[in-house]
Every structure is written in C-alpha cells, then in structure tokens.
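Novice: File name input_18.cif; file contents mmCIF, C-alpha atoms; chains and numbers go by the auth columns; full text below.
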```
data_upload
#
loop_
_atom_site.group_PDB
_atom_site.id
_atom_site.type_symbol
_atom_site.label_atom_id
_atom_site.label_comp_id
_atom_site.label_asym_id
_atom_site.label_seq_id
_atom_site.Cartn_x
_atom_site.Cartn_y
_atom_site.Cartn_z
_atom_site.B_iso_or_equiv
_atom_site.auth_seq_id
_atom_site.auth_asym_id
ATOM 1 C CA MET A 1 -78.658 -19.568 69.894 0.00 1 A
ATOM 2 C CA PHE A 2 -77.683 -16.073 70.903 0.00 2 A
ATOM 3 C CA LYS A 3 -77.404 -13.619 68.008 0.00 3 A
ATOM 4 C CA LEU A 4 -75.973 -10.118 67.671 0.00 4 A
ATOM 5 C CA ASP A 5 -77.161 -7.421 65.271 0.00 5 A
ATOM 6 C CA HIS A 6 -73.645 -6.178 64.602 0.00 6 A
ATOM 7 C CA THR A 7 -70.057 -6.429 65.763 0.00 7 A
ATOM 8 C CA LEU A 8 -69.652 -4.922 69.216 0.00 8 A
ATOM 9 C CA SER A 9 -66.766 -2.853 70.487 0.00 9 A
ATOM 10 C CA PRO A 10 -64.526 -4.715 72.970 0.00 10 A
ATOM 11 C CA ASP A 11 -66.186 -2.975 75.921 0.00 11 A
ATOM 12 C CA GLU A 12 -69.686 -3.599 74.573 0.00 12 A
ATOM 13 C CA PHE A 13 -68.871 -7.223 73.854 0.00 13 A
ATOM 14 C CA ILE A 14 -67.478 -8.083 77.264 0.00 14 A
ATOM 15 C CA LYS A 15 -70.431 -6.328 78.909 0.00 15 A
ATOM 16 C CA SER A 16 -72.826 -8.408 76.806 0.00 16 A
ATOM 17 C CA PHE A 17 -70.813 -11.583 77.492 0.00 17 A
ATOM 18 C CA PHE A 18 -71.255 -11.186 81.239 0.00 18 A
ATOM 19 C CA GLU A 19 -74.843 -9.904 81.048 0.00 19 A
ATOM 20 C CA VAL A 20 -76.033 -12.850 78.960 0.00 20 A
ATOM 21 C CA ASN A 21 -74.314 -15.249 81.343 0.00 21 A
ATOM 22 C CA ARG A 22 -75.788 -13.512 84.379 0.00 22 A
ATOM 23 C CA ASN A 23 -79.275 -13.561 82.880 0.00 23 A
ATOM 24 C CA ASP A 24 -78.916 -17.254 82.060 0.00 24 A
ATOM 25 C CA HIS A 25 -78.326 -17.935 85.733 0.00 25 A
ATOM 26 C CA GLN A 26 -81.603 -16.275 86.697 0.00 26 A
ATOM 27 C CA ARG A 27 -83.406 -19.602 86.847 0.00 27 A
ATOM 28 C CA PRO A 28 -84.676 -21.512 89.867 0.00 28 A
ATOM 29 C CA PRO A 29 -81.916 -23.712 91.312 0.00 29 A
ATOM 30 C CA HIS A 30 -81.663 -27.174 89.812 0.00 30 A
ATOM 31 C CA PRO A 31 -83.249 -29.796 92.132 0.00 31 A
ATOM 32 C CA TRP A 32 -79.800 -31.233 92.823 0.00 32 A
ATOM 33 C CA GLU A 33 -78.402 -27.806 93.698 0.00 33 A
ATOM 34 C CA ALA A 34 -81.371 -27.069 95.953 0.00 34 A
ATOM 35 C CA LEU A 35 -80.941 -30.387 97.744 0.00 35 A
ATOM 36 C CA PHE A 36 -77.238 -29.778 98.235 0.00 36 A
ATOM 37 C CA ARG A 37 -77.499 -26.160 99.356 0.00 37 A
ATOM 38 C CA GLU A 38 -80.237 -26.975 101.852 0.00 38 A
ATOM 39 C CA GLY A 39 -78.041 -29.627 103.431 0.00 39 A
ATOM 40 C CA LYS A 40 -80.400 -32.472 102.540 0.00 40 A
ATOM 41 C CA CYS A 41 -78.016 -34.717 100.612 0.00 41 A
ATOM 42 C CA THR A 42 -77.230 -38.078 102.141 0.00 42 A
ATOM 43 C CA LYS A 43 -73.668 -39.287 102.358 0.00 43 A
ATOM 44 C CA GLU A 44 -74.391 -41.801 99.601 0.00 44 A
ATOM 45 C CA GLN A 45 -75.737 -39.060 97.323 0.00 45 A
ATOM 46 C CA LEU A 46 -72.663 -36.924 97.929 0.00 46 A
ATOM 47 C CA GLN A 47 -70.477 -39.915 97.120 0.00 47 A
ATOM 48 C CA GLY A 48 -72.216 -40.363 93.778 0.00 48 A
ATOM 49 C CA TRP A 49 -71.963 -36.667 92.981 0.00 49 A
ATOM 50 C CA ALA A 50 -68.261 -36.526 93.881 0.00 50 A
ATOM 51 C CA LYS A 51 -67.446 -39.596 91.810 0.00 51 A
ATOM 52 C CA GLU A 52 -69.217 -38.133 88.781 0.00 52 A
ATOM 53 C CA ARG A 53 -67.732 -34.665 89.134 0.00 53 A
ATOM 54 C CA TYR A 54 -64.223 -36.097 89.129 0.00 54 A
ATOM 55 C CA TYR A 55 -64.651 -36.694 85.402 0.00 55 A
ATOM 56 C CA PHE A 56 -65.196 -32.970 84.922 0.00 56 A
ATOM 57 C CA VAL A 57 -62.327 -31.942 87.200 0.00 57 A
ATOM 58 C CA LYS A 58 -59.809 -34.238 85.516 0.00 58 A
ATOM 59 C CA ASN A 59 -60.738 -32.870 82.084 0.00 59 A
ATOM 60 C CA VAL A 60 -60.055 -29.242 82.981 0.00 60 A
ATOM 61 C CA PRO A 61 -56.234 -29.494 82.677 0.00 61 A
ATOM 62 C CA ILE A 62 -56.691 -31.259 79.332 0.00 62 A
ATOM 63 C CA LYS A 63 -58.872 -28.383 78.142 0.00 63 A
ATOM 64 C CA GLU A 64 -56.265 -25.839 79.266 0.00 64 A
ATOM 65 C CA TYR A 65 -53.462 -27.520 77.340 0.00 65 A
ATOM 66 C CA SER A 66 -55.718 -27.820 74.298 0.00 66 A
ATOM 67 C CA ILE A 67 -55.949 -24.022 74.337 0.00 67 A
ATOM 68 C CA LEU A 68 -52.163 -23.766 74.396 0.00 68 A
ATOM 69 C CA TYR A 69 -51.780 -26.361 71.648 0.00 69 A
ATOM 70 C CA ASN A 70 -54.274 -24.750 69.291 0.00 70 A
ATOM 71 C CA CYS A 71 -53.599 -21.062 69.944 0.00 71 A
ATOM 72 C CA PRO A 72 -51.329 -19.473 67.290 0.00 72 A
ATOM 73 C CA TYR A 73 -50.549 -16.340 69.343 0.00 73 A
ATOM 74 C CA PRO A 74 -47.436 -16.506 71.568 0.00 74 A
ATOM 75 C CA GLU A 75 -48.655 -13.648 73.773 0.00 75 A
ATOM 76 C CA VAL A 76 -51.876 -15.544 74.547 0.00 76 A
ATOM 77 C CA ARG A 77 -50.028 -18.786 75.248 0.00 77 A
ATOM 78 C CA ARG A 78 -47.740 -16.935 77.661 0.00 78 A
ATOM 79 C CA MET A 79 -50.754 -15.456 79.453 0.00 79 A
ATOM 80 C CA TRP A 80 -52.509 -18.821 79.652 0.00 80 A
ATOM 81 C CA LEU A 81 -49.544 -21.028 80.554 0.00 81 A
ATOM 82 C CA PRO A 82 -49.526 -20.181 84.314 0.00 82 A
ATOM 83 C CA LYS A 83 -53.198 -21.180 84.528 0.00 83 A
ATOM 84 C CA ALA A 84 -52.537 -24.458 82.739 0.00 84 A
ATOM 85 C CA ILE A 85 -49.582 -25.219 85.015 0.00 85 A
ATOM 86 C CA GLU A 86 -51.636 -24.433 88.101 0.00 86 A
ATOM 87 C CA GLU A 87 -54.397 -26.813 87.005 0.00 87 A
ATOM 88 C CA GLU A 88 -51.831 -29.514 86.207 0.00 88 A
ATOM 89 C CA GLY A 89 -49.936 -28.857 89.444 0.00 89 A
ATOM 90 C CA GLU A 90 -47.439 -26.167 90.345 0.00 90 A
ATOM 91 C CA ASP A 91 -45.198 -28.865 91.767 0.00 91 A
ATOM 92 C CA LEU A 92 -44.079 -29.031 88.118 0.00 92 A
ATOM 93 C CA ILE A 93 -42.188 -25.773 88.679 0.00 93 A
ATOM 94 C CA GLY A 94 -41.058 -26.388 92.239 0.00 94 A
ATOM 95 C CA LYS A 95 -44.059 -24.911 94.056 0.00 95 A
ATOM 96 C CA PRO A 96 -46.247 -26.758 96.586 0.00 96 A
ATOM 97 C CA GLY A 97 -49.508 -26.713 94.601 0.00 97 A
ATOM 98 C CA LYS A 98 -50.796 -30.129 93.560 0.00 98 A
ATOM 99 C CA PRO A 99 -52.789 -30.980 90.425 0.00 99 A
ATOM 100 C CA HIS A 100 -56.347 -29.811 90.966 0.00 100 A
ATOM 101 C CA PRO A 101 -57.805 -33.309 90.435 0.00 101 A
ATOM 102 C CA GLU A 102 -55.742 -34.381 93.459 0.00 102 A
ATOM 103 C CA TYR A 103 -57.572 -31.870 95.635 0.00 103 A
ATOM 104 C CA TRP A 104 -60.866 -33.312 94.407 0.00 104 A
ATOM 105 C CA LEU A 105 -59.701 -36.830 95.232 0.00 105 A
ATOM 106 C CA ASN A 106 -59.013 -35.594 98.772 0.00 106 A
ATOM 107 C CA LEU A 107 -62.664 -34.593 99.055 0.00 107 A
ATOM 108 C CA CYS A 108 -63.754 -37.934 97.616 0.00 108 A
ATOM 109 C CA ALA A 109 -61.687 -39.724 100.250 0.00 109 A
ATOM 110 C CA ALA A 110 -63.248 -37.629 103.007 0.00 110 A
ATOM 111 C CA LEU A 111 -66.668 -38.702 101.704 0.00 111 A
ATOM 112 C CA GLY A 112 -65.654 -42.355 102.046 0.00 112 A
ATOM 113 C CA LEU A 113 -64.478 -43.191 98.532 0.00 113 A
ATOM 114 C CA SER A 114 -61.167 -44.804 97.779 0.00 114 A
ATOM 115 C CA ARG A 115 -58.843 -42.999 95.432 0.00 115 A
ATOM 116 C CA ALA A 116 -58.482 -46.036 93.157 0.00 116 A
ATOM 117 C CA TYR A 117 -62.240 -46.481 92.917 0.00 117 A
ATOM 118 C CA VAL A 118 -62.857 -42.892 91.805 0.00 118 A
ATOM 119 C CA ILE A 119 -59.984 -42.839 89.311 0.00 119 A
ATOM 120 C CA ASN A 120 -60.975 -46.111 87.686 0.00 120 A
ATOM 121 C CA SER A 121 -64.751 -45.671 87.673 0.00 121 A
ATOM 122 C CA GLU A 122 -66.733 -44.786 84.568 0.00 122 A
ATOM 123 C CA PRO A 123 -68.936 -41.679 84.687 0.00 123 A
ATOM 124 C CA LEU A 124 -72.625 -41.817 83.932 0.00 124 A
ATOM 125 C CA PHE A 125 -73.287 -41.499 80.203 0.00 125 A
ATOM 126 C CA GLY A 126 -75.045 -38.157 80.698 0.00 126 A
ATOM 127 C CA VAL A 127 -72.084 -36.808 82.659 0.00 127 A
ATOM 128 C CA LYS A 128 -69.574 -38.010 80.071 0.00 128 A
ATOM 129 C CA PHE A 129 -71.591 -36.557 77.199 0.00 129 A
ATOM 130 C CA ALA A 130 -71.877 -33.181 78.929 0.00 130 A
ATOM 131 C CA VAL A 131 -68.239 -32.938 80.015 0.00 131 A
ATOM 132 C CA ASP A 132 -66.894 -34.043 76.646 0.00 132 A
ATOM 133 C CA SER A 133 -68.844 -31.242 74.957 0.00 133 A
ATOM 134 C CA PHE A 134 -67.123 -28.803 77.326 0.00 134 A
ATOM 135 C CA ALA A 135 -63.618 -30.230 76.897 0.00 135 A
ATOM 136 C CA ASN A 136 -63.967 -30.347 73.109 0.00 136 A
ATOM 137 C CA ALA A 137 -64.662 -26.614 72.979 0.00 137 A
ATOM 138 C CA ALA A 138 -60.908 -26.039 72.943 0.00 138 A
ATOM 139 C CA PHE A 139 -59.708 -29.353 71.526 0.00 139 A
ATOM 140 C CA LYS A 140 -61.900 -29.757 68.445 0.00 140 A
ATOM 141 C CA THR A 141 -63.561 -26.376 67.963 0.00 141 A
ATOM 142 C CA SER A 142 -61.494 -23.287 68.803 0.00 142 A
ATOM 143 C CA TRP A 143 -58.869 -22.188 71.311 0.00 143 A
ATOM 144 C CA LEU A 144 -60.850 -18.969 71.789 0.00 144 A
ATOM 145 C CA LEU A 145 -63.989 -20.892 72.748 0.00 145 A
ATOM 146 C CA GLY A 146 -61.856 -22.815 75.238 0.00 146 A
ATOM 147 C CA VAL A 147 -61.008 -19.488 76.832 0.00 147 A
ATOM 148 C CA ALA A 148 -64.664 -18.430 76.769 0.00 148 A
ATOM 149 C CA VAL A 149 -65.766 -21.477 78.799 0.00 149 A
ATOM 150 C CA SER A 150 -63.006 -21.077 81.380 0.00 150 A
ATOM 151 C CA GLU A 151 -63.463 -20.009 84.977 0.00 151 A
ATOM 152 C CA GLY A 152 -64.199 -16.484 86.116 0.00 152 A
ATOM 153 C CA ASP A 153 -65.805 -14.439 88.866 0.00 153 A
ATOM 154 C CA ASP A 154 -69.012 -16.471 88.681 0.00 154 A
ATOM 155 C CA THR A 155 -67.068 -19.676 89.313 0.00 155 A
ATOM 156 C CA ALA A 156 -65.219 -18.094 92.230 0.00 156 A
ATOM 157 C CA ARG A 157 -68.502 -16.997 93.809 0.00 157 A
ATOM 158 C CA ALA A 158 -69.995 -20.467 93.333 0.00 158 A
ATOM 159 C CA MET A 159 -66.944 -22.062 94.971 0.00 159 A
ATOM 160 C CA ALA A 160 -67.161 -19.714 97.957 0.00 160 A
ATOM 161 C CA ARG A 161 -70.901 -20.405 98.271 0.00 161 A
ATOM 162 C CA ASP A 162 -70.440 -24.186 98.162 0.00 162 A
ATOM 163 C CA LEU A 163 -67.587 -23.998 100.663 0.00 163 A
ATOM 164 C CA ASP A 164 -69.989 -22.281 103.053 0.00 164 A
ATOM 165 C CA VAL A 165 -72.598 -24.981 102.346 0.00 165 A
ATOM 166 C CA PHE A 166 -70.163 -27.728 103.350 0.00 166 A
ATOM 167 C CA ARG A 167 -69.146 -25.888 106.508 0.00 167 A
ATOM 168 C CA LYS A 168 -72.746 -25.198 107.509 0.00 168 A
ATOM 169 C CA HIS A 169 -74.578 -28.386 106.536 0.00 169 A
ATOM 170 C CA TYR A 170 -71.982 -31.139 106.128 0.00 170 A
ATOM 171 C CA ARG A 171 -69.748 -30.531 109.111 0.00 171 A
ATOM 172 C CA TRP A 172 -68.715 -34.174 109.193 0.00 172 A
ATOM 173 C CA VAL A 173 -66.517 -33.427 106.158 0.00 173 A
ATOM 174 C CA PRO A 174 -63.104 -32.264 107.479 0.00 174 A
ATOM 175 C CA ASP A 175 -62.350 -28.680 106.566 0.00 175 A
ATOM 176 C CA GLU A 176 -58.903 -29.627 105.282 0.00 176 A
ATOM 177 C CA ALA A 177 -60.611 -31.812 102.662 0.00 177 A
ATOM 178 C CA LEU A 178 -62.242 -28.703 101.156 0.00 178 A
ATOM 179 C CA GLU A 179 -59.024 -27.277 99.728 0.00 179 A
ATOM 180 C CA PHE A 180 -60.404 -27.546 96.191 0.00 180 A
ATOM 181 C CA TYR A 181 -63.080 -24.984 97.061 0.00 181 A
ATOM 182 C CA LYS A 182 -60.762 -22.726 99.029 0.00 182 A
ATOM 183 C CA LEU A 183 -58.306 -22.641 96.142 0.00 183 A
ATOM 184 C CA HIS A 184 -60.826 -21.898 93.411 0.00 184 A
ATOM 185 C CA ALA A 185 -62.668 -19.263 95.428 0.00 185 A
ATOM 186 C CA GLY A 186 -59.487 -17.214 95.073 0.00 186 A
ATOM 187 C CA VAL A 187 -57.641 -18.121 91.875 0.00 187 A
ATOM 188 C CA ASP A 188 -60.708 -18.078 89.642 0.00 188 A
ATOM 189 C CA VAL A 189 -60.984 -14.312 90.143 0.00 189 A
ATOM 190 C CA GLU A 190 -57.501 -13.919 88.654 0.00 190 A
ATOM 191 C CA HIS A 191 -58.286 -16.439 85.920 0.00 191 A
ATOM 192 C CA GLY A 192 -61.373 -14.447 85.044 0.00 192 A
ATOM 193 C CA LEU A 193 -59.333 -11.292 84.493 0.00 193 A
ATOM 194 C CA ILE A 194 -57.044 -13.132 82.064 0.00 194 A
ATOM 195 C CA ARG A 195 -60.067 -14.548 80.238 0.00 195 A
ATOM 196 C CA LYS A 196 -61.614 -11.082 79.992 0.00 196 A
ATOM 197 C CA GLU A 197 -58.454 -9.526 78.527 0.00 197 A
ATOM 198 C CA ILE A 198 -58.109 -12.233 75.879 0.00 198 A
ATOM 199 C CA LEU A 199 -61.754 -12.194 74.864 0.00 199 A
ATOM 200 C CA MET A 200 -61.814 -8.418 74.509 0.00 200 A
ATOM 201 C CA LYS A 201 -58.834 -8.500 72.154 0.00 201 A
ATOM 202 C CA TYR A 202 -59.452 -11.604 70.060 0.00 202 A
ATOM 203 C CA ALA A 203 -63.254 -11.867 69.809 0.00 203 A
ATOM 204 C CA SER A 204 -63.122 -9.179 67.159 0.00 204 A
ATOM 205 C CA THR A 205 -65.895 -10.157 64.750 0.00 205 A
ATOM 206 C CA LYS A 206 -69.651 -10.570 65.115 0.00 206 A
ATOM 207 C CA GLU A 207 -69.306 -14.320 64.507 0.00 207 A
ATOM 208 C CA LEU A 208 -66.560 -14.798 67.092 0.00 208 A
ATOM 209 C CA GLN A 209 -68.445 -12.739 69.654 0.00 209 A
ATOM 210 C CA GLU A 210 -71.586 -14.811 69.115 0.00 210 A
ATOM 211 C CA ASP A 211 -69.573 -18.027 69.319 0.00 211 A
ATOM 212 C CA CYS A 212 -67.980 -17.006 72.631 0.00 212 A
ATOM 213 C CA ILE A 213 -71.307 -16.057 74.192 0.00 213 A
ATOM 214 C CA ASN A 214 -72.935 -19.287 72.997 0.00 214 A
ATOM 215 C CA ALA A 215 -69.970 -21.298 74.278 0.00 215 A
ATOM 216 C CA GLN A 216 -70.528 -19.844 77.743 0.00 216 A
ATOM 217 C CA LEU A 217 -74.226 -20.730 77.528 0.00 217 A
ATOM 218 C CA MET A 218 -73.211 -24.237 76.445 0.00 218 A
ATOM 219 C CA LYS A 219 -71.052 -24.520 79.553 0.00 219 A
ATOM 220 C CA ASN A 220 -74.017 -23.547 81.739 0.00 220 A
ATOM 221 C CA ASN A 221 -76.123 -26.209 80.038 0.00 221 A
ATOM 222 C CA MET A 222 -73.289 -28.717 80.471 0.00 222 A
ATOM 223 C CA ARG A 223 -73.499 -28.181 84.217 0.00 223 A
ATOM 224 C CA ARG A 224 -77.288 -28.572 84.133 0.00 224 A
ATOM 225 C CA ALA A 225 -76.996 -31.781 82.111 0.00 225 A
ATOM 226 C CA MET A 226 -74.513 -33.125 84.663 0.00 226 A
ATOM 227 C CA ALA A 227 -76.893 -32.210 87.474 0.00 227 A
ATOM 228 C CA ASP A 228 -79.787 -33.895 85.624 0.00 228 A
ATOM 229 C CA ALA A 229 -77.861 -37.157 85.340 0.00 229 A
ATOM 230 C CA ILE A 230 -76.632 -37.070 88.944 0.00 230 A
ATOM 231 C CA TYR A 231 -80.047 -36.205 90.376 0.00 231 A
ATOM 232 C CA MET A 232 -81.812 -38.915 88.394 0.00 232 A
ATOM 233 C CA GLU A 233 -79.260 -41.586 89.284 0.00 233 A
ATOM 234 C CA TYR A 234 -78.559 -40.905 92.948 0.00 234 A
ATOM 235 C CA VAL A 235 -81.730 -39.169 94.166 0.00 235 A
ATOM 236 C CA VAL A 236 -84.666 -40.334 92.023 0.00 236 A
ATOM 237 C CA GLN A 237 -83.387 -43.864 91.448 0.00 237 A
ATOM 238 C CA GLY A 238 -81.535 -43.975 94.759 0.00 238 A
ATOM 239 C CA THR A 239 -78.441 -45.693 93.379 0.00 239 A
ATOM 240 C CA LYS A 240 -75.709 -46.312 95.934 0.00 240 A
ATOM 241 C CA LEU A 241 -72.144 -46.871 94.848 0.00 241 A
ATOM 242 C CA ASN A 242 -70.656 -50.322 95.123 0.00 242 A
ATOM 243 C CA THR A 243 -67.242 -48.947 95.983 0.00 243 A
ATOM 244 C CA ASN A 244 -65.508 -52.318 96.224 0.00 244 A
ATOM 245 C CA GLY A 245 -63.872 -51.682 99.540 0.00 245 A
ATOM 246 C CA ALA A 246 -63.964 -47.896 99.676 0.00 246 A
ATOM 247 C CA ALA A 247 -64.219 -47.682 103.439 0.00 247 A
ATOM 248 C CA ALA A 248 -66.573 -45.162 104.963 0.00 248 A
ATOM 249 C CA GLU A 249 -63.780 -44.120 107.301 0.00 249 A
ATOM 250 C CA ALA A 250 -61.222 -43.701 104.513 0.00 250 A
ATOM 251 C CA SER A 251 -58.590 -41.088 105.218 0.00 251 A
ATOM 252 C CA PHE A 252 -57.561 -38.670 102.531 0.00 252 A
ATOM 253 C CA PRO A 253 -53.939 -38.012 101.530 0.00 253 A
ATOM 254 C CA MET A 254 -52.426 -34.604 102.279 0.00 254 A
#
```
If you convert what's in this file into structure tokens, what do you get?
Specialist:
Amino acid sequence: MFKLDHTLSPDEFIKSFFEVNRNDHQRPPHPWEALFREGKCTKEQLQGWAKERYYFVKNVPIKEYSILYNCPYPEVRRMWLPKAIEEEGEDLIGKPGKPHPEYWLNLCAALGLSRAYVINSEPLFGVKFAVDSFANAAFKTSWLLGVAVSEGDDTARAMARDLDVFRKHYRWVPDEALEFYKLHAGVDVEHGLIRKEILMKYASTKELQEDCINAQLMKNNMRRAMADAIYMEYVVQGTKLNTNGAAAEASFPM
C-alpha cells in the first residue's frame, strides 16, 4: 500500500498521483499485451479477449452513475454528468453517440462473435473478480475513489496505441469497427482533466490522498488480473469459444 508522510498540497498531490501511476507502469509488458502488440494473436484468441473485456466495458457506465448517486456535492455531479451520459449514450439527449458498450459489440461482431453470444456469456471468474473490484470502488467504497479510477491521459494514450496495433497487425478487422478506440483516444483526455480538477479539490486529507493513489494502483492491478485470466485461458490452455452460431463472417451493426 502506498503511504504518505503528510498531507500534500493540491499541486503536490496531483503530481504524486500521476508519478506513482507512471512508475507503476514501468514494468515489462504483460505476456498478453506483448502478444497483442506484436500482432501474434490468433483470431480465436482475440475473440476470447473481446468477449471477456465486454464485461469491463459494460460496467463502466454503472460505475459512472454510482459516482453520481453517492456524491453529495452538486457541483461535482454537474461536472461528472456529461461523462456518465456519454458512456451511457448521448442518444439520450438527442446526439448521435451510442452507449460505449455498443461500440465494443461492433468490434466483437467484426471479430466473428454474435452480439447475443457476447451479451449473454459469462466472464471468466478471474475477469469478473477483477472488474467487480473496479466497479465497486464507486458503488460500495467512495464516490471519490470512483473518480480516481476513471479514465485519463494514460487511457487515451493506450487507446491510440492499440488503435495503431489493430491497423498495423490486424488489418482484417474493418477500420469502422474500431470506433471504440477512436472515441476514447480523444474523449479520455477531456475526462482526465475533469478527474484532475475534482481530485485536487476533494482529496484534501492525507487519508483521502492515499486512498486515491491506492485506488489507481488497484485499477492497474485489475487490468493485470484480467490479462492473467485471459492469457491463461486463451493462450496457455488454448480455449476456443463455442459461440453457438456466431459466424466468422458476422457483420457488425452501425
């Protein structure tokens, strides 16, 4: 657990928040990430990964609304509401943006998975355990920790990097099916600025500052635990999905 010697000023805290996160990423890539980035994943492995990651993607809007539900400060709720609506789908307010899980289902379809199969499938236990710990940060623990584990510049950079990986190594995936990555490579920069402003104002004690930093480290470990489960299941064990009719040539809805 990360510990502080004393309460930091807002500027010192946010600097430490990002530095600790950046240092935590200075590890060799996870075997699954290395396989993916080098373009060595099979179609079947990508199918398994996409099916599992849907459980994470569909829980993000739930986490956002948990922040709104639990936060007692109207000014924070007003700042966070546009992000929650965007995740849930800006079609709610008459704009063209769809719920973000829908964009992920488009990618799943392009990989040869049927929409119904992905929606109705159960995640691996390791994936469910990891994602639930992330989603519960806002639902059962603290609205502020929900903000701390939200997307930022690092997420935007990762989305842009993975978009390039798809375009370079997995060219058989239609570019229009990668809208999830295109979207997040942009909006997560803006989301990160909102997160930064809230954390600087409301993480005002040593304990809250420590909790926010440790929540971010927990999120990093959540992603590693997901990758562990996916790599073991679909690479080491070589499991292939029995998609019950999910045709390899399935088209994705637009």
Novice: Hey, what's within 9 Å of A:Cys71 if we count all atoms listed in the file and toss same-chain stuff fewer than 3 positions away? As an NGL selection string, please?
Specialist: :A and (66-68 or 74 or 76-77 or 142-144)
Novice: Enumerate, as a list of chain:residue names, the residues matched when the PyMOL selection byres ((chain A and resi 195) around 10) is run on the file above.
Specialist: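 Matching residues under the PyMOL selection byres ((chain A and resi 195) around 10) are A:Met79, A:Trp80, A:Leu144, A:Gly146, A:Val147, A:Ala148, A:Val149, A:Ser150, A:Glu151, A:Gly152, A:Val189, A:Glu190, A:His191, A:Gly192, A:Leu193, A:Ile194, A:Lys196, A:Glu197, A:Ile198, A:Leu199, A:Met200.
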Novice: Kindly export the residues of the current selection with C-alpha atoms, as a PDB file, keeping the file's coordinate frame.
Specialist:
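Saved as result04.pdb:
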```
ATOM      1  CA  MET A  79     -50.754 -15.456  79.453  1.00  0.00           C
ATOM      2  CA  TRP A  80     -52.509 -18.821  79.652  1.00  0.00           C
ATOM      3  CA  LEU A 144     -60.850 -18.969  71.789  1.00  0.00           C
ATOM      4  CA  GLY A 146     -61.856 -22.815  75.238  1.00  0.00           C
ATOM      5  CA  VAL A 147     -61.008 -19.488  76.832  1.00  0.00           C
ATOM      6  CA  ALA A 148     -64.664 -18.430  76.769  1.00  0.00           C
ATOM      7  CA  VAL A 149     -65.766 -21.477  78.799  1.00  0.00           C
ATOM      8  CA  SER A 150     -63.006 -21.077  81.380  1.00  0.00           C
ATOM      9  CA  GLU A 151     -63.463 -20.009  84.977  1.00  0.00           C
ATOM     10  CA  GLY A 152     -64.199 -16.484  86.116  1.00  0.00           C
ATOM     11  CA  VAL A 189     -60.984 -14.312  90.143  1.00  0.00           C
ATOM     12  CA  GLU A 190     -57.501 -13.919  88.654  1.00  0.00           C
ATOM     13  CA  HIS A 191     -58.286 -16.439  85.920  1.00  0.00           C
ATOM     14  CA  GLY A 192     -61.373 -14.447  85.044  1.00  0.00           C
ATOM     15  CA  LEU A 193     -59.333 -11.292  84.493  1.00  0.00           C
ATOM     16  CA  ILE A 194     -57.044 -13.132  82.064  1.00  0.00           C
ATOM     17  CA  LYS A 196     -61.614 -11.082  79.992  1.00  0.00           C
ATOM     18  CA  GLU A 197     -58.454  -9.526  78.527  1.00  0.00           C
ATOM     19  CA  ILE A 198     -58.109 -12.233  75.879  1.00  0.00           C
ATOM     20  CA  LEU A 199     -61.754 -12.194  74.864  1.00  0.00           C
ATOM     21  CA  MET A 200     -61.814  -8.418  74.509  1.00  0.00           C
TER      22      MET A 200
END
```
Novice: Show which residues sit within 12 Å of A:Ser121, as a list in words. Count all atoms listed in the file, and ignore same-chain residues fewer than 3 positions away.
Specialist: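 Contacts, with the query itself left out: Gly48, Ala50, Lys51, Glu52, Arg53, Tyr54, Tyr55, Leu113, Ser114, Arg115, Ala116, Tyr117, Val118, Leu124, Lys128, Leu241, Asn242, Thr243 and Asn244 of chain A.
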Novice: Just want the 7 Å neighbourhood of stretch 91-108 of chain A, counted on all atoms listed in the file, with same-chain residues fewer than 6 positions away dropped. Output as a list in words.
Specialist: Ala50, Tyr54, Val57, Lys58, Arg115, Ala177, Leu178, Glu179, Phe180, Phe252 and Pro253 of chain A
Novice: Save the residues we just selected, C-alpha atoms, as a compact mmCIF listing (two decimals), in the frame of the given file?
Specialist:
```txt
# COMPACT_ATOMS: atom_id res chain seq x y z
CA ALA A 50 -68.26 -36.53 93.88
CA TYR A 54 -64.22 -36.10 89.13
CA VAL A 57 -62.33 -31.94 87.20
CA LYS A 58 -59.81 -34.24 85.52
CA ARG A 115 -58.84 -43.00 95.43
CA ALA A 177 -60.61 -31.81 102.66
CA LEU A 178 -62.24 -28.70 101.16
CA GLU A 179 -59.02 -27.28 99.73
CA PHE A 180 -60.40 -27.55 96.19
CA PHE A 252 -57.56 -38.67 102.53
CA PRO A 253 -53.94 -38.01 101.53
```
Novice: Taking all atoms listed in the file into account, name the residue in A:Asp228, A:Asp132, A:Glu38, A:Glu86 that is nearest to A:His169.
Specialist: A:Glu38
Novice: Taking into account all atoms listed in the file, which residue in the set A:Asp164, A:Glu88, A:Leu4, A:Lys182 is nearest to A:Pro61?
Specialist: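 Checking each of A:Asp164, A:Glu88, A:Leu4, A:Lys182 against A:Pro61, counting all atoms listed in the file, the winner is A:Glu88.
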